[in-house]
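Colleague: So here's upload-v3.txt, just compact mmCIF, C-alpha atoms:
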```txt
# COMPACT_ATOMS: atom_id res chain seq x y z
CA MET R 1 -3.49 13.56 24.80
CA LYS R 2 -2.92 9.96 23.72
CA THR R 3 0.53 8.34 23.90
CA LEU R 4 1.33 5.89 21.11
CA LYS R 5 4.28 3.50 21.44
CA TYR R 6 6.23 2.43 18.38
CA THR R 7 9.27 0.38 17.45
CA LEU R 8 11.72 1.45 14.75
CA VAL R 9 13.23 -1.34 12.66
CA ASP R 10 15.50 -1.63 9.66
CA VAL R 11 14.05 -4.32 7.38
CA PHE R 12 15.83 -6.62 4.93
CA THR R 13 19.17 -6.19 6.65
CA THR R 14 21.20 -7.59 9.54
CA GLN R 15 23.02 -4.32 10.23
CA SER R 16 21.78 -1.11 11.81
CA PHE R 17 21.23 1.76 9.38
CA GLY R 18 20.90 -0.58 6.41
CA GLY R 19 17.74 -1.89 4.80
CA ASN R 20 14.44 -0.02 4.79
CA GLN R 21 13.25 1.91 7.83
CA LEU R 22 9.87 1.15 9.35
CA ALA R 23 7.97 2.48 12.34
CA VAL R 24 5.54 -0.07 13.79
CA PHE R 25 2.87 1.35 16.11
CA HIS R 26 1.88 -1.28 18.65
CA ASP R 27 -1.77 -0.28 18.96
CA GLY R 28 -3.56 1.55 16.18
CA SER R 29 -7.04 0.84 17.49
CA GLY R 30 -9.17 3.96 17.78
CA LEU R 31 -7.04 5.98 15.37
CA THR R 32 -8.74 7.44 12.33
CA THR R 33 -7.35 7.00 8.84
CA LYS R 34 -6.63 10.73 8.79
CA THR R 35 -4.58 10.51 12.00
CA MET R 36 -2.61 7.52 10.74
CA GLN R 37 -1.79 9.40 7.56
CA GLN R 38 -0.72 12.47 9.55
CA ILE R 39 1.57 10.32 11.71
CA ALA R 40 3.15 8.73 8.63
CA ASN R 41 3.72 12.17 7.17
CA GLU R 42 5.22 13.38 10.47
CA LEU R 43 7.73 10.51 10.62
CA ASN R 44 8.40 10.75 6.86
CA LEU R 45 9.68 7.18 6.48
CA SER R 46 9.02 5.12 3.37
CA GLU R 47 6.25 3.37 5.32
CA THR R 48 4.67 3.43 8.76
CA ALA R 49 2.61 0.47 10.01
CA PHE R 50 -0.21 0.30 12.56
CA ILE R 51 -1.21 -2.92 14.32
CA CYS R 52 -5.01 -3.05 14.66
CA PRO R 53 -7.44 -5.73 15.88
CA PRO R 54 -8.40 -8.27 13.19
CA THR R 55 -11.87 -8.28 11.71
CA LYS R 56 -11.80 -12.10 11.49
CA PRO R 57 -11.23 -14.09 14.70
CA GLN R 58 -8.93 -16.62 13.01
CA ASN R 59 -6.46 -13.91 11.95
CA GLN R 60 -3.79 -12.33 14.13
CA ILE R 61 -3.98 -8.61 13.22
CA ASN R 62 -5.31 -6.05 10.80
CA LEU R 63 -2.28 -4.20 9.40
CA ARG R 64 -2.64 -0.63 8.12
CA ILE R 65 0.27 0.65 6.03
CA PHE R 66 0.97 4.27 5.05
CA THR R 67 3.61 6.13 3.07
CA PRO R 68 3.96 9.87 3.79
CA GLN R 69 1.20 10.51 1.21
CA VAL R 70 -1.05 7.45 0.78
CA GLU R 71 -2.32 4.26 2.39
CA LEU R 72 -1.11 1.10 0.63
CA PRO R 73 -3.24 -1.99 -0.06
CA ILE R 74 -0.26 -4.29 0.48
CA ALA R 75 3.46 -3.84 1.10
CA GLY R 76 6.42 -6.10 1.69
CA HIS R 77 8.80 -4.50 4.14
CA PRO R 78 5.99 -3.33 6.49
CA THR R 79 4.56 -6.86 6.55
CA ILE R 80 7.95 -8.47 7.19
CA GLY R 81 8.96 -5.76 9.66
CA THR R 82 5.71 -5.88 11.65
CA ALA R 83 5.90 -9.67 11.97
CA PHE R 84 9.50 -9.30 13.18
CA VAL R 85 8.49 -6.70 15.79
CA MET R 86 5.59 -8.80 17.04
CA ALA R 87 7.86 -11.82 17.51
CA TYR R 88 10.65 -9.71 19.02
CA LEU R 89 8.30 -8.14 21.58
CA LYS R 90 6.45 -11.44 22.11
CA MET R 91 3.15 -9.83 21.21
CA LEU R 92 2.04 -13.28 20.02
CA PRO R 93 3.11 -16.70 21.31
CA THR R 94 6.10 -18.12 19.43
CA GLN R 95 8.18 -21.28 19.56
CA ASP R 96 11.31 -22.55 17.86
CA GLY R 97 10.61 -23.53 14.27
CA VAL R 98 8.12 -21.89 11.93
CA ASN R 99 5.30 -19.78 13.36
CA LYS R 100 2.49 -19.13 10.86
CA TRP R 101 0.24 -16.08 11.12
CA VAL R 102 -2.27 -14.31 8.92
CA PHE R 103 -2.34 -10.52 8.62
CA GLU R 104 -5.33 -8.70 7.19
CA GLU R 105 -4.27 -6.03 4.71
CA GLU R 106 -6.42 -3.90 2.45
CA HIS R 107 -5.65 -6.19 -0.50
CA GLY R 108 -6.67 -9.30 1.48
CA ASP R 109 -5.36 -11.86 3.96
CA ILE R 110 -1.57 -12.30 3.82
CA SER R 111 0.15 -15.40 5.22
CA VAL R 112 3.41 -14.80 7.07
CA ALA R 113 5.89 -17.19 8.64
CA VAL R 114 8.36 -16.29 11.39
CA SER R 115 11.24 -18.75 11.88
CA LEU R 116 13.01 -18.97 15.25
CA ASN R 117 16.05 -20.92 16.38
CA LYS R 118 16.79 -20.93 20.12
CA GLU R 119 14.38 -17.99 20.45
CA LYS R 120 16.30 -15.95 17.88
CA ILE R 121 14.37 -14.73 14.83
CA THR R 122 16.21 -16.11 11.81
CA LYS R 123 13.82 -15.23 8.97
CA VAL R 124 10.41 -13.77 8.19
CA GLU R 125 8.55 -14.69 5.01
CA MET R 126 5.29 -13.61 3.40
CA ILE R 127 3.27 -15.25 0.64
CA GLN R 128 2.36 -12.68 -1.99
CA PRO R 129 -0.57 -12.76 -4.41
CA ILE R 130 0.23 -14.42 -7.74
CA PRO R 131 1.66 -11.69 -10.00
CA VAL R 132 -0.41 -10.31 -12.85
CA PHE R 133 1.49 -9.27 -15.99
CA GLY R 134 0.34 -6.03 -17.56
CA GLU R 135 1.18 -3.98 -20.61
CA ILE R 136 4.57 -3.83 -22.28
CA LEU R 137 5.75 -0.27 -22.81
CA THR R 138 7.51 0.11 -26.14
CA ARG R 139 8.53 3.77 -25.81
CA GLN R 140 12.13 3.03 -24.88
CA ALA R 141 13.42 6.52 -25.57
CA LEU R 142 10.86 7.97 -23.16
CA VAL R 143 11.86 5.55 -20.39
CA ALA R 144 15.54 6.28 -20.97
CA ASP R 145 14.76 10.00 -20.73
CA LEU R 146 12.92 9.39 -17.45
CA LEU R 147 16.10 7.88 -15.99
CA SER R 148 18.48 10.37 -17.70
CA LEU R 149 20.16 7.52 -19.57
CA ALA R 150 20.99 6.82 -23.18
CA LYS R 151 18.53 4.47 -24.88
CA GLY R 152 21.37 2.01 -25.38
CA GLU R 153 21.60 1.48 -21.60
CA LEU R 154 18.26 -0.37 -21.64
CA ASP R 155 18.51 -4.15 -21.86
CA PRO R 156 17.30 -5.04 -25.38
CA HIS R 157 16.59 -8.67 -24.44
CA LEU R 158 13.90 -7.92 -21.84
CA PRO R 159 10.66 -5.92 -22.08
CA ILE R 160 9.65 -2.86 -20.09
CA GLN R 161 6.52 -4.20 -18.44
CA THR R 162 4.08 -3.66 -15.59
CA VAL R 163 3.68 -6.53 -13.11
CA SER R 164 1.56 -6.46 -9.95
CA SER R 165 0.94 -8.53 -6.83
CA GLY R 166 -1.59 -6.02 -5.59
CA LEU R 167 0.51 -2.92 -6.27
CA PRO R 168 1.71 -2.35 -9.87
CA PHE R 169 5.31 -1.55 -10.74
CA LEU R 170 6.80 -0.74 -14.12
CA PHE R 171 9.92 -2.91 -14.48
CA VAL R 172 12.76 -1.37 -16.46
CA PRO R 173 15.70 -3.70 -17.27
CA LEU R 174 19.12 -2.11 -17.75
CA ARG R 175 22.31 -3.50 -19.22
CA SER R 176 24.71 -2.84 -16.35
CA ILE R 177 25.26 -1.83 -12.78
CA ALA R 178 27.18 1.19 -14.10
CA ALA R 179 23.97 2.41 -15.74
CA MET R 180 22.08 1.83 -12.48
CA ARG R 181 24.50 4.12 -10.67
CA GLU R 182 24.07 6.82 -13.29
CA ILE R 183 20.27 7.06 -12.96
CA ASN R 184 19.03 10.59 -12.33
CA PHE R 185 15.26 10.29 -11.99
CA ARG R 186 13.46 13.11 -13.78
CA THR R 187 10.27 14.04 -11.97
CA ASP R 188 9.31 16.42 -14.79
CA VAL R 189 9.19 13.54 -17.28
CA TRP R 190 7.40 11.37 -14.74
CA GLU R 191 4.81 14.06 -14.13
CA ARG R 192 4.04 14.49 -17.83
CA HIS R 193 4.07 10.88 -19.00
CA PHE R 194 3.75 8.47 -16.04
CA SER R 195 1.98 10.09 -13.10
CA ARG R 196 -1.61 9.69 -14.35
CA ASN R 197 -1.36 6.02 -15.31
CA LEU R 198 -1.73 3.84 -12.20
CA ASP R 199 0.18 1.01 -13.89
CA ARG R 200 3.21 3.22 -14.56
CA GLN R 201 3.46 5.40 -11.48
CA HIS R 202 6.04 3.29 -9.61
CA ILE R 203 9.28 2.76 -11.52
CA PHE R 204 11.48 -0.26 -10.74
CA ALA R 205 14.84 -0.37 -12.54
CA PHE R 206 17.08 -3.42 -12.34
CA THR R 207 20.05 -5.23 -13.85
CA THR R 208 21.32 -8.78 -13.55
CA GLU R 209 24.81 -7.41 -12.83
CA THR R 210 25.25 -7.36 -9.06
CA GLU R 211 27.51 -6.08 -6.29
CA TYR R 212 27.56 -9.45 -4.52
CA ASP R 213 28.19 -12.85 -6.08
CA ASP R 214 25.28 -14.47 -4.23
CA SER R 215 22.83 -11.83 -5.49
CA THR R 216 20.77 -12.36 -8.65
CA VAL R 217 19.64 -8.85 -9.44
CA HIS R 218 20.51 -5.25 -8.49
CA CYS R 219 17.59 -2.83 -8.12
CA ARG R 220 16.38 0.73 -7.59
CA MET R 221 12.78 1.92 -7.12
CA PHE R 222 11.27 5.40 -7.52
CA ALA R 223 7.74 6.25 -6.34
CA PRO R 224 6.92 9.98 -6.34
CA ALA R 225 3.20 9.15 -6.20
CA MET R 226 3.77 7.61 -2.76
CA GLY R 227 5.93 10.49 -1.59
CA ILE R 228 9.03 8.29 -1.90
CA SER R 229 11.83 9.74 -4.00
CA GLU R 230 13.71 6.41 -3.82
CA ASP R 231 13.08 3.27 -1.79
CA PRO R 232 15.98 1.26 -0.28
CA ALA R 233 14.07 -2.07 -0.29
CA THR R 234 10.74 -2.76 -2.00
CA GLY R 235 9.15 -6.00 -0.86
CA ALA R 236 5.89 -5.47 -2.76
CA ALA R 237 7.85 -5.32 -6.03
CA SER R 238 10.08 -8.30 -5.25
CA GLY R 239 7.62 -11.11 -5.90
CA PRO R 240 6.60 -9.57 -9.25
CA LEU R 241 10.29 -9.02 -10.03
CA GLY R 242 11.04 -12.70 -9.43
CA ALA R 243 8.11 -13.72 -11.63
CA PHE R 244 9.31 -11.30 -14.36
CA LEU R 245 12.81 -12.81 -14.32
CA VAL R 246 11.45 -16.34 -14.54
CA GLU R 247 8.80 -15.57 -17.16
CA HIS R 248 11.22 -13.83 -19.53
CA GLY R 249 14.13 -16.26 -19.11
CA ALA R 250 16.44 -13.80 -17.38
CA ILE R 251 17.57 -16.59 -15.05
CA ASP R 252 18.25 -20.25 -15.82
CA GLU R 253 15.19 -22.48 -16.02
CA LYS R 254 14.72 -24.98 -13.19
CA ALA R 255 13.38 -28.44 -14.03
CA ASP R 256 11.44 -28.66 -10.76
CA GLY R 257 9.97 -25.18 -11.18
CA ASN R 258 11.48 -23.89 -7.91
CA TYR R 259 13.50 -20.68 -8.06
CA VAL R 260 15.43 -18.91 -5.31
CA ILE R 261 16.42 -15.35 -6.21
CA ARG R 262 18.25 -12.74 -4.16
CA SER R 263 17.61 -9.06 -4.83
CA GLU R 264 20.00 -6.36 -3.67
CA GLN R 265 18.76 -2.77 -3.39
CA GLY R 266 19.49 0.50 -1.62
CA PHE R 267 23.22 0.56 -2.37
CA GLU R 268 23.07 3.93 -4.12
CA MET R 269 21.33 5.32 -1.00
CA GLY R 270 23.90 3.94 1.41
CA ARG R 271 21.32 1.49 2.84
CA PRO R 272 22.19 -1.97 1.44
CA SER R 273 19.23 -4.36 1.50
CA PHE R 274 18.78 -8.02 0.58
CA ILE R 275 15.45 -9.64 -0.24
CA ASP R 276 15.06 -13.36 -0.87
CA ILE R 277 12.45 -14.32 -3.46
CA MET R 278 11.05 -17.84 -3.78
CA ILE R 279 9.05 -18.75 -6.90
CA HIS R 280 7.27 -21.98 -7.76
CA LYS R 281 6.06 -22.41 -11.33
CA ASN R 282 4.25 -25.50 -12.59
CA ASN R 283 3.20 -26.09 -16.22
CA GLN R 284 3.63 -22.43 -17.17
CA GLN R 285 1.60 -21.29 -14.17
CA PHE R 286 2.96 -19.48 -11.13
CA GLU R 287 1.67 -21.37 -8.09
CA GLU R 288 3.46 -19.65 -5.20
CA VAL R 289 5.44 -16.46 -4.72
CA LYS R 290 7.17 -15.70 -1.42
CA ILE R 291 9.61 -13.08 -0.23
CA GLY R 292 11.70 -13.17 2.92
CA GLY R 293 14.39 -11.56 4.97
CA THR R 294 15.12 -10.36 8.43
CA ALA R 295 15.26 -7.11 10.35
CA ILE R 296 16.95 -5.38 13.26
CA VAL R 297 15.43 -3.22 15.98
CA VAL R 298 17.14 0.17 16.07
CA GLY R 299 14.93 2.08 18.49
CA GLN R 300 11.66 2.61 20.29
CA GLY R 301 9.67 5.73 20.99
CA GLU R 302 6.43 7.48 21.86
CA LEU R 303 4.30 9.84 19.84
CA TYR R 304 1.71 12.16 21.39
CA VAL R 305 -1.60 12.55 19.58
CA PRO R 306 -4.23 15.10 20.67
```
Go ahead and render the structure in this file as structure tokens.
Modeller:
Amino acid sequence: MKTLKYTLVDVFTTQSFGGNQLAVFHDGSGLTTKTMQQIANELNLSETAFICPPTKPQNQINLRIFTPQVELPIAGHPTIGTAFVMAYLKMLPTQDGVNKWVFEEEHGDISVAVSLNKEKITKVEMIQPIPVFGEILTRQALVADLLSLAKGELDPHLPIQTVSSGLPFLFVPLRSIAAMREINFRTDVWERHFSRNLDRQHIFAFTTETEYDDSTVHCRMFAPAMGISEDPATGAASGPLGAFLVEHGAIDEKADGNYVIRSEQGFEMGRPSFIDIMIHKNNQQFEEVKIGGTAIVVGQGELYVP
């Protein structure tokens, strides 16, 4: 019997029981992919992360990330949350200021930065791959049916489009926060029309009406293919979301090409989350996409594996 230690954190929040839950296993070395998947299914959180030895000596860790059903090539809140846990537990040397690390993920090497002030973790950021814009879906009535909304609740000024920074999401703009609250996701429609297309499996609805004045966008994400009925904070979608908003003029253009966007999510689930998105665009080209936030440790535990 092997005893595995893990830390439970809420990510993209400063309050317990907000944000997105994450279990970070301190030592995943020696575990098979099958066992990791079984553990993720046992805990049944949106994601479970395993810290493994890096394959390249210059990198800090190899990070394996699982939903209850699948392993992910890249993910935001597990990356941010794992970096927070490693700094919190002093698993790597840290100092006041910005500490830069590189995590190996299935998609590739991911740069992270952990900021400390007087030994307190103030922010964790990750650089995401430059978003790739995919197809525009013109079947508005079908998308409205998927969300149990009238077609008129869709924002007519923005497209329904797939964007990916390693994991594709179908972005669905809505007119209002009232419409966001009324969403009733229909898995039957999803199964028939979205489940078999990898670019349309994960549905990300948003509106530029927000609960908080300092937020830019209000969001909800549905991912049945991952075993996630709804996600309270989706880091992997946030960089692509920021790029979408900039590309389609949903936020005011910045002369210097630097955009700071705040996404709020999880409110309808009772788990408010806030994700900061930083975009740099130069001469019509996206040059850097970062997301950031913080986390809070809510518990620690042990799991016994035969």
Colleague: In Å, with one decimal, what is the gap from CA of Thr14 (chain R) to CA of Leu45 (chain R)?
Modeller: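 A separation of 19.0 Å between them.
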Colleague: Fewer than 4 positions away in the same chain doesn't count, so skip those; otherwise give me all residues within 10 Å of Ser229 (chain R), counting only C-alpha atoms, as a list in words.
Modeller: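 In the requested format, the answer is Ser46, Phe185, Thr187, Met221, Phe222, Ala223, Pro224 and Ala225 of chain R.
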Colleague: Measuring atom to atom with only C-alpha atoms, identify which of R:Ala178, R:Met91, R:Ala205, R:Val132 is nearest to Arg220 (chain R).
Modeller: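 Nearest candidate to Arg220 (chain R) out of R:Ala178, R:Met91, R:Ala205, R:Val132: R:Ala205.
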Colleague: Smallest atom-to-atom distance to Gln201 (chain R): which of R:Met226, R:Ala83, R:Ile277, R:Ile121, using all atoms listed in the file?
Modeller: R:Met226
Colleague: Of the candidates R:Gln300, R:Pro232, R:Phe169, R:Val305, which one gets nearest to Asn20 (chain R) if we count only C-alpha atoms?
Modeller: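 Answer, going by the shortest atom-to-atom distance: R:Pro232.
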Colleague: When you count all atoms listed in the file, which of these residues is closest to Ile136 (chain R): R:Val217, R:Phe244, R:Gly299, R:Phe206?
Modeller: R:Phe244
Colleague: Which is closest to Ser111 (chain R) among R:Gly235, R:Lys290, R:Asp155, R:Val163, if we use all atoms listed in the file?
Modeller: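 When distances to Ser111 (chain R) are compared using all atoms listed in the file, the smallest one comes from R:Lys290.
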Colleague: Name all residues at most 9 Å from Tyr304 (chain R) (count all atoms listed in the file; drop same-chain ones fewer than 4 positions away) and give them as a list in words.
Modeller: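 Near neighbours after the sequence-gap exclusion: Met1, Lys2, Thr3 and Leu4 of chain R.
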Colleague: So, counting only C-alpha atoms, which residue among R:Ser29, R:Thr210, R:Thr7, R:Thr55 is closest to Met86 (chain R)?
Modeller: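 Among the listed residues, the smallest separation from Met86 (chain R) belongs to R:Thr7.
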Colleague: Extract, using all atoms listed in the file, all DNA, RNA and protein residues at most 12 Å from Asn44 (chain R), discarding same-chain residues fewer than 4 positions from it, and format them as a PyMOL selection string.
Modeller: chain R and resi 21-23+37-40+48+66-70+226-229
Colleague: Find the residues around His280 (chain R) up to 7 Å (only C-alpha atoms counted), leave out those fewer than 4 positions away in its own chain, and share them as a ChimeraX atom specification.
Modeller: /R:257-259,286-289
Colleague: One number please: CA of Ala295 (chain R) to CA of Pro78 (chain R), in Å, one decimal.
Modeller: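 Between these atoms lies a distance of 10.7 Å.
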Colleague: Just to confirm, what's the straight-line distance from CA of Lys90 (chain R) to CA of Lys5 (chain R) in Å (one decimal)?
Modeller: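 Going from CA of Lys90 (chain R) over to CA of Lys5 (chain R) covers 15.1 Å.
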Colleague: Please, which residues are within 10 Å of (12.9, 7.7, -16.1) by the file's coordinates, counting all atoms listed in the file, and could they come as a ChimeraX atom specification?
Modeller: /R:140-149,172,183-190,193-194,203-205,222
Colleague: Could you give me, as a list of chain:residue names, the residues within 7 Å of Ile291 (chain R), counting only C-alpha atoms and dropping anything in the same chain fewer than 4 positions from it?
Modeller: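 Close residues of Ile291 (chain R): R:Glu125, R:Met126, R:Ile127, R:Ser238, R:Gly239, R:Ile275, R:Asp276, R:Ile277, R:Met278.
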